[in-house]
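> Here it is, the structure in full.
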Amino acid sequence: MRAGYGFADLEQQVGASPSTLYQIGSITKQFAAAAVMRLVEAGRINLDDSISGYISGLPTDWRRVSVRQLLNHTSGIPSMTDIGRVAEPLARRTCHDTLMALTARDSMWFKPGAAWRYDNTGYISSACCSTE
């Protein structure tokens with residue numbers, strides 16, 4: 001027998017069911033970082049290379065960011081989830097190019113490598129996000 005426990009939406013008091021889908025959010029960052037590290041081990045990515053060698057169309061300031069800085073939240077790139085109240089729903093239904101363009105309007109938080117600040121932009125998927 002299948003069952004759902006707890007709430008699918010706590011705010012609206014909607015119960016969970018066996019078919020409830022949850023946003024997994026930041027849980028995936030550790031897996032994305034591990035996948036990048038496998039590519040580093042294979043010699044396909046260098047942690048100290050600029051991200052511009054792997055991602056095209058970056059804003060000028062972002063081109064100074066290394067893969068390492070992107071992975072460890074020291075890039076200084078503004079987080080897409082800080083661009084306003086619409087950020088979370090927008091992020092769930094918008095392609096990464098659009099999210100990067102919206103985020104690039106903000107100034108860098110700090111010079112790459114100069115500080116640490118949690119950042120979701122560094123972990124945008126290369127595919128379009130869900131439309132649900």
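As shown in the structure tokens, the chain order sets the letters A, B, ...; within each chain, residues go from 1, and ligands are also counted from 1 in the order they appear.
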Skipping near chain neighbours, those fewer than 4 positions away, what residues fall within 8 Å of Thr103 of chain A using only C-alpha atoms, listed as a PyMOL selection string?

chain A and resi 78-80+83+99+121

> Go ahead and save the residues from that selection, with N, CA, C and O atoms, as a PDB file, in the first residue's frame.


ATOM      1  N   PRO A  78      25.990  37.458  -8.505  1.00  0.00           N
ATOM      2  CA  PRO A  78      24.752  37.569  -7.731  1.00  0.00           C
ATOM      3  C   PRO A  78      23.887  36.314  -7.904  1.00  0.00           C
ATOM      4  O   PRO A  78      23.896  35.681  -8.957  1.00  0.00           O
ATOM      5  N   SER A  79      23.160  35.981  -6.865  1.00  0.00           N
ATOM      6  CA  SER A  79      22.303  34.802  -6.915  1.00  0.00           C
ATOM      7  C   SER A  79      20.981  35.118  -7.605  1.00  0.00           C
ATOM      8  O   SER A  79      20.345  36.133  -7.314  1.00  0.00           O
ATOM      9  N   MET A  80      20.568  34.222  -8.484  1.00  0.00           N
ATOM     10  CA  MET A  80      19.301  34.412  -9.208  1.00  0.00           C
ATOM     11  C   MET A  80      18.125  34.468  -8.246  1.00  0.00           C
ATOM     12  O   MET A  80      17.098  35.059  -8.553  1.00  0.00           O
ATOM     13  N   ILE A  83      16.993  38.226  -7.003  1.00  0.00           N
ATOM     14  CA  ILE A  83      16.610  39.276  -7.947  1.00  0.00           C
ATOM     15  C   ILE A  83      15.188  39.778  -7.731  1.00  0.00           C
ATOM     16  O   ILE A  83      14.685  40.534  -8.521  1.00  0.00           O
ATOM     17  N   LEU A  99      17.679  33.371 -17.079  1.00  0.00           N
ATOM     18  CA  LEU A  99      18.030  33.606 -15.678  1.00  0.00           C
ATOM     19  C   LEU A  99      19.381  34.300 -15.562  1.00  0.00           C
ATOM     20  O   LEU A  99      19.553  35.219 -14.756  1.00  0.00           O
ATOM     21  N   THR A 121      23.046  30.887  -8.553  1.00  0.00           N
ATOM     22  CA  THR A 121      23.335  31.079  -9.968  1.00  0.00           C
ATOM     23  C   THR A 121      24.428  30.136 -10.454  1.00  0.00           C
ATOM     24  O   THR A 121      24.391  29.668 -11.589  1.00  0.00           O
TER      25      THR A 121
END

> Applying 12 Å and only C-alpha atoms, which residues near Asn46 of chain A remain after dropping the ones on its own chain fewer than 3 positions away? List them as number ranges by chain.

A: 36-43, 49-51, 53-54, 66-69

> Just how far from atom CA of Phe31 of chain A is atom CA of Gly15 of chain A, in Å to one decimal?

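Separation between atom CA of Gly15 of chain A and atom CA of Phe31 of chain A: 29.1 Å.
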
> Among chain A, which ones does DSSP place in strand (DSSP E), written as a list in words?

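In chain A, DSSP puts these residues in strand (DSSP E): Phe7, Ala8, Asp9, Val14 and Gly15 of chain A.
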
> Go ahead and dump the residues you just picked, N, CA, C and O atoms, as a CSV table (one decimal), in the first residue's frame.


chain,number,residue,atom,x,y,z
A,7,PHE,N,2.6,17.2,4.6
A,7,PHE,CA,2.0,18.2,3.7
A,7,PHE,C,2.8,18.4,2.4
A,7,PHE,O,4.0,18.5,2.5
A,8,ALA,N,2.1,18.5,1.3
A,8,ALA,CA,2.7,18.9,0.1
A,8,ALA,C,2.9,20.4,0.1
A,8,ALA,O,3.8,20.9,-0.5
A,9,ASP,N,2.0,21.1,0.7
A,9,ASP,CA,2.0,22.6,0.9
A,9,ASP,C,1.6,22.9,2.3
A,9,ASP,O,0.4,22.9,2.6
A,14,VAL,N,-2.3,21.6,2.4
A,14,VAL,CA,-2.6,20.5,1.4
A,14,VAL,C,-1.8,19.3,1.7
A,14,VAL,O,-0.5,19.3,1.8
A,15,GLY,N,-2.5,18.2,2.0
A,15,GLY,CA,-1.8,16.9,2.4
A,15,GLY,C,-1.0,16.3,1.2
A,15,GLY,O,-1.3,16.5,0.1

> Which residue is closest to Ala35 of chain A? Choose from A:Ser17, A:Leu71, A:Ile55, A:Arg105 and count only C-alpha atoms.

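Among A:Ser17, A:Leu71, A:Ile55, A:Arg105, it is A:Leu71 that comes nearest to Ala35 of chain A.
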
> Please identify all polymer residues within 9 Å of Pro18 of chain A, counting only C-alpha atoms, omitting same-chain residues fewer than 5 positions from it, and present them as a PyMOL selection string.

chain A and resi 2-5

> Could you pull the residues within 12 Å of Lys29 of chain A, counting only C-alpha atoms, minus those fewer than 6 positions along the same chain, as a PyMOL selection string?

chain A and resi 35-36+70-73+118-125

> Rounded to one decimal in Å, what is the spacing between atom CA of Thr98 of chain A and atom CA of Ile27 of chain A?

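Atom CA of Ile27 of chain A lies 22.8 Å from atom CA of Thr98 of chain A.
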
> Using only C-alpha atoms, which of the listed residues (A:Ile77, A:Ala104, A:Ala16, A:Gln23) sits closest to Pro59 of chain A?

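Ranking A:Ile77, A:Ala104, A:Ala16, A:Gln23 by distance to Pro59 of chain A, first place goes to A:Ala104.
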
> Among segment 1-129 of chain A, which residues does DSSP mark as helix (DSSP H, G or I) when it is run on the backbone? Keep the chain and numbering as in the structure and answer as an NGL selection string.

:A and (25-41 or 51-53 or 60-64 or 67-71 or 80-82 or 87-93 or 96-104 or 121-123)

> Those same residues - N, CA and C atoms - I'd like them written as a compact mmCIF listing (two decimals), in the first residue's frame.


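The file below, again.txt, is the result:
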# COMPACT_ATOMS: atom_id res chain seq x y z
N GLY A 25 15.45 21.44 -4.77
CA GLY A 25 16.30 22.58 -4.50
C GLY A 25 17.78 22.29 -4.35
N SER A 26 18.35 22.81 -3.29
CA SER A 26 19.80 22.80 -3.10
C SER A 26 20.40 21.43 -2.83
N ILE A 27 19.60 20.44 -2.63
CA ILE A 27 20.12 19.08 -2.41
C ILE A 27 20.97 18.64 -3.60
N THR A 28 20.66 19.13 -4.78
CA THR A 28 21.38 18.69 -5.97
C THR A 28 22.76 19.30 -6.13
N LYS A 29 23.06 20.38 -5.40
CA LYS A 29 24.36 21.04 -5.56
C LYS A 29 25.53 20.09 -5.29
N GLN A 30 25.43 19.28 -4.26
CA GLN A 30 26.53 18.36 -3.95
C GLN A 30 26.74 17.34 -5.07
N PHE A 31 25.69 16.92 -5.72
CA PHE A 31 25.81 15.97 -6.82
C PHE A 31 26.38 16.64 -8.06
N ALA A 32 25.95 17.89 -8.31
CA ALA A 32 26.51 18.64 -9.44
C ALA A 32 28.01 18.86 -9.24
N ALA A 33 28.39 19.24 -8.02
CA ALA A 33 29.81 19.47 -7.73
C ALA A 33 30.60 18.17 -7.87
N ALA A 34 30.04 17.06 -7.42
CA ALA A 34 30.72 15.77 -7.55
C ALA A 34 30.89 15.40 -9.03
N ALA A 35 29.89 15.68 -9.85
CA ALA A 35 29.99 15.40 -11.28
C ALA A 35 31.08 16.24 -11.92
N VAL A 36 31.16 17.51 -11.53
CA VAL A 36 32.23 18.37 -12.05
C VAL A 36 33.59 17.82 -11.63
N MET A 37 33.70 17.39 -10.39
CA MET A 37 34.98 16.85 -9.91
C MET A 37 35.37 15.58 -10.66
N ARG A 38 34.40 14.79 -11.08
CA ARG A 38 34.72 13.62 -11.92
C ARG A 38 35.31 14.07 -13.25
N LEU A 39 34.78 15.15 -13.81
CA LEU A 39 35.32 15.70 -15.05
C LEU A 39 36.72 16.27 -14.84
N VAL A 40 36.95 16.83 -13.66
CA VAL A 40 38.29 17.31 -13.31
C VAL A 40 39.26 16.12 -13.27
N GLU A 41 38.86 15.05 -12.60
CA GLU A 41 39.69 13.84 -12.53
C GLU A 41 40.02 13.29 -13.91
N ILE A 51 35.31 30.24 -16.15
CA ILE A 51 34.07 29.57 -16.56
C ILE A 51 33.70 29.92 -17.98
N SER A 52 34.29 31.00 -18.52
CA SER A 52 33.99 31.40 -19.90
C SER A 52 34.47 30.36 -20.92
N GLY A 53 35.37 29.49 -20.50
CA GLY A 53 35.82 28.42 -21.38
C GLY A 53 34.79 27.30 -21.52
N THR A 60 30.91 40.34 -19.00
CA THR A 60 32.35 40.56 -18.87
C THR A 60 32.87 40.26 -17.47
N ASP A 61 32.21 40.78 -16.43
CA ASP A 61 32.67 40.56 -15.06
C ASP A 61 32.69 39.09 -14.66
N TRP A 62 31.79 38.31 -15.21
CA TRP A 62 31.69 36.90 -14.85
C TRP A 62 32.85 36.09 -15.45
N ARG A 63 33.48 36.60 -16.49
CA ARG A 63 34.54 35.87 -17.18
C ARG A 63 35.80 35.70 -16.33
N ARG A 64 35.93 36.49 -15.26
CA ARG A 64 37.08 36.36 -14.35
C ARG A 64 36.88 35.26 -13.32
N VAL A 67 36.11 28.01 -12.28
CA VAL A 67 35.22 26.89 -11.97
C VAL A 67 35.20 26.65 -10.47
N ARG A 68 36.38 26.68 -9.84
CA ARG A 68 36.50 26.46 -8.40
C ARG A 68 35.66 27.48 -7.62
N GLN A 69 35.75 28.75 -8.01
CA GLN A 69 35.00 29.80 -7.32
C GLN A 69 33.50 29.62 -7.49
N LEU A 70 33.10 29.17 -8.66
CA LEU A 70 31.68 28.92 -8.89
C LEU A 70 31.18 27.80 -7.97
N LEU A 71 31.95 26.74 -7.87
CA LEU A 71 31.55 25.60 -7.06
C LEU A 71 31.54 25.89 -5.56
N MET A 80 20.57 34.22 -8.48
CA MET A 80 19.30 34.41 -9.21
C MET A 80 18.12 34.47 -8.25
N THR A 81 18.26 33.89 -7.06
CA THR A 81 17.15 33.90 -6.10
C THR A 81 17.09 35.20 -5.31
N ASP A 82 18.00 36.12 -5.58
CA ASP A 82 17.99 37.43 -4.91
C ASP A 82 17.52 38.55 -5.83
N ALA A 87 11.66 35.60 -8.18
CA ALA A 87 12.79 34.75 -8.53
C ALA A 87 12.49 33.26 -8.44
N GLU A 88 11.92 32.79 -7.34
CA GLU A 88 11.69 31.35 -7.19
C GLU A 88 10.74 30.80 -8.25
N PRO A 89 9.53 31.38 -8.42
CA PRO A 89 8.67 30.85 -9.50
C PRO A 89 9.29 31.02 -10.88
N LEU A 90 10.01 32.12 -11.08
CA LEU A 90 10.67 32.36 -12.35
C LEU A 90 11.71 31.29 -12.63
N ALA A 91 12.49 30.96 -11.62
CA ALA A 91 13.56 29.97 -11.78
C ALA A 91 13.02 28.60 -12.14
N ARG A 92 11.81 28.30 -11.72
CA ARG A 92 11.25 26.98 -12.01
C ARG A 92 10.75 26.85 -13.43
N ARG A 93 10.57 27.98 -14.13
CA ARG A 93 9.99 27.88 -15.47
C ARG A 93 10.77 28.63 -16.54
N HIS A 96 18.00 28.72 -18.54
CA HIS A 96 19.16 29.27 -17.84
C HIS A 96 19.70 30.54 -18.50
N ASP A 97 19.59 30.67 -19.81
CA ASP A 97 20.09 31.88 -20.47
C ASP A 97 19.33 33.12 -19.99
N THR A 98 18.02 32.97 -19.83
CA THR A 98 17.19 34.08 -19.36
C THR A 98 17.51 34.40 -17.91
N LEU A 99 17.68 33.37 -17.08
CA LEU A 99 18.03 33.61 -15.68
C LEU A 99 19.38 34.30 -15.56
N MET A 100 20.34 33.87 -16.37
CA MET A 100 21.66 34.52 -16.34
C MET A 100 21.55 35.97 -16.77
N ALA A 101 20.77 36.25 -17.79
CA ALA A 101 20.62 37.62 -18.28
C ALA A 101 19.98 38.51 -17.21
N LEU A 102 18.96 37.99 -16.54
CA LEU A 102 18.32 38.76 -15.47
C LEU A 102 19.27 39.00 -14.31
N THR A 103 20.02 37.99 -13.94
CA THR A 103 20.96 38.10 -12.83
C THR A 103 22.13 39.02 -13.19
N ALA A 104 22.55 39.00 -14.43
CA ALA A 104 23.71 39.79 -14.87
C ALA A 104 23.44 41.30 -14.79
N THR A 121 23.05 30.89 -8.55
CA THR A 121 23.34 31.08 -9.97
C THR A 121 24.43 30.14 -10.45
N GLY A 122 25.38 29.83 -9.61
CA GLY A 122 26.47 28.95 -9.99
C GLY A 122 26.05 27.52 -10.27
N TYR A 123 24.82 27.20 -9.96
CA TYR A 123 24.35 25.83 -10.15
C TYR A 123 23.12 25.75 -11.05
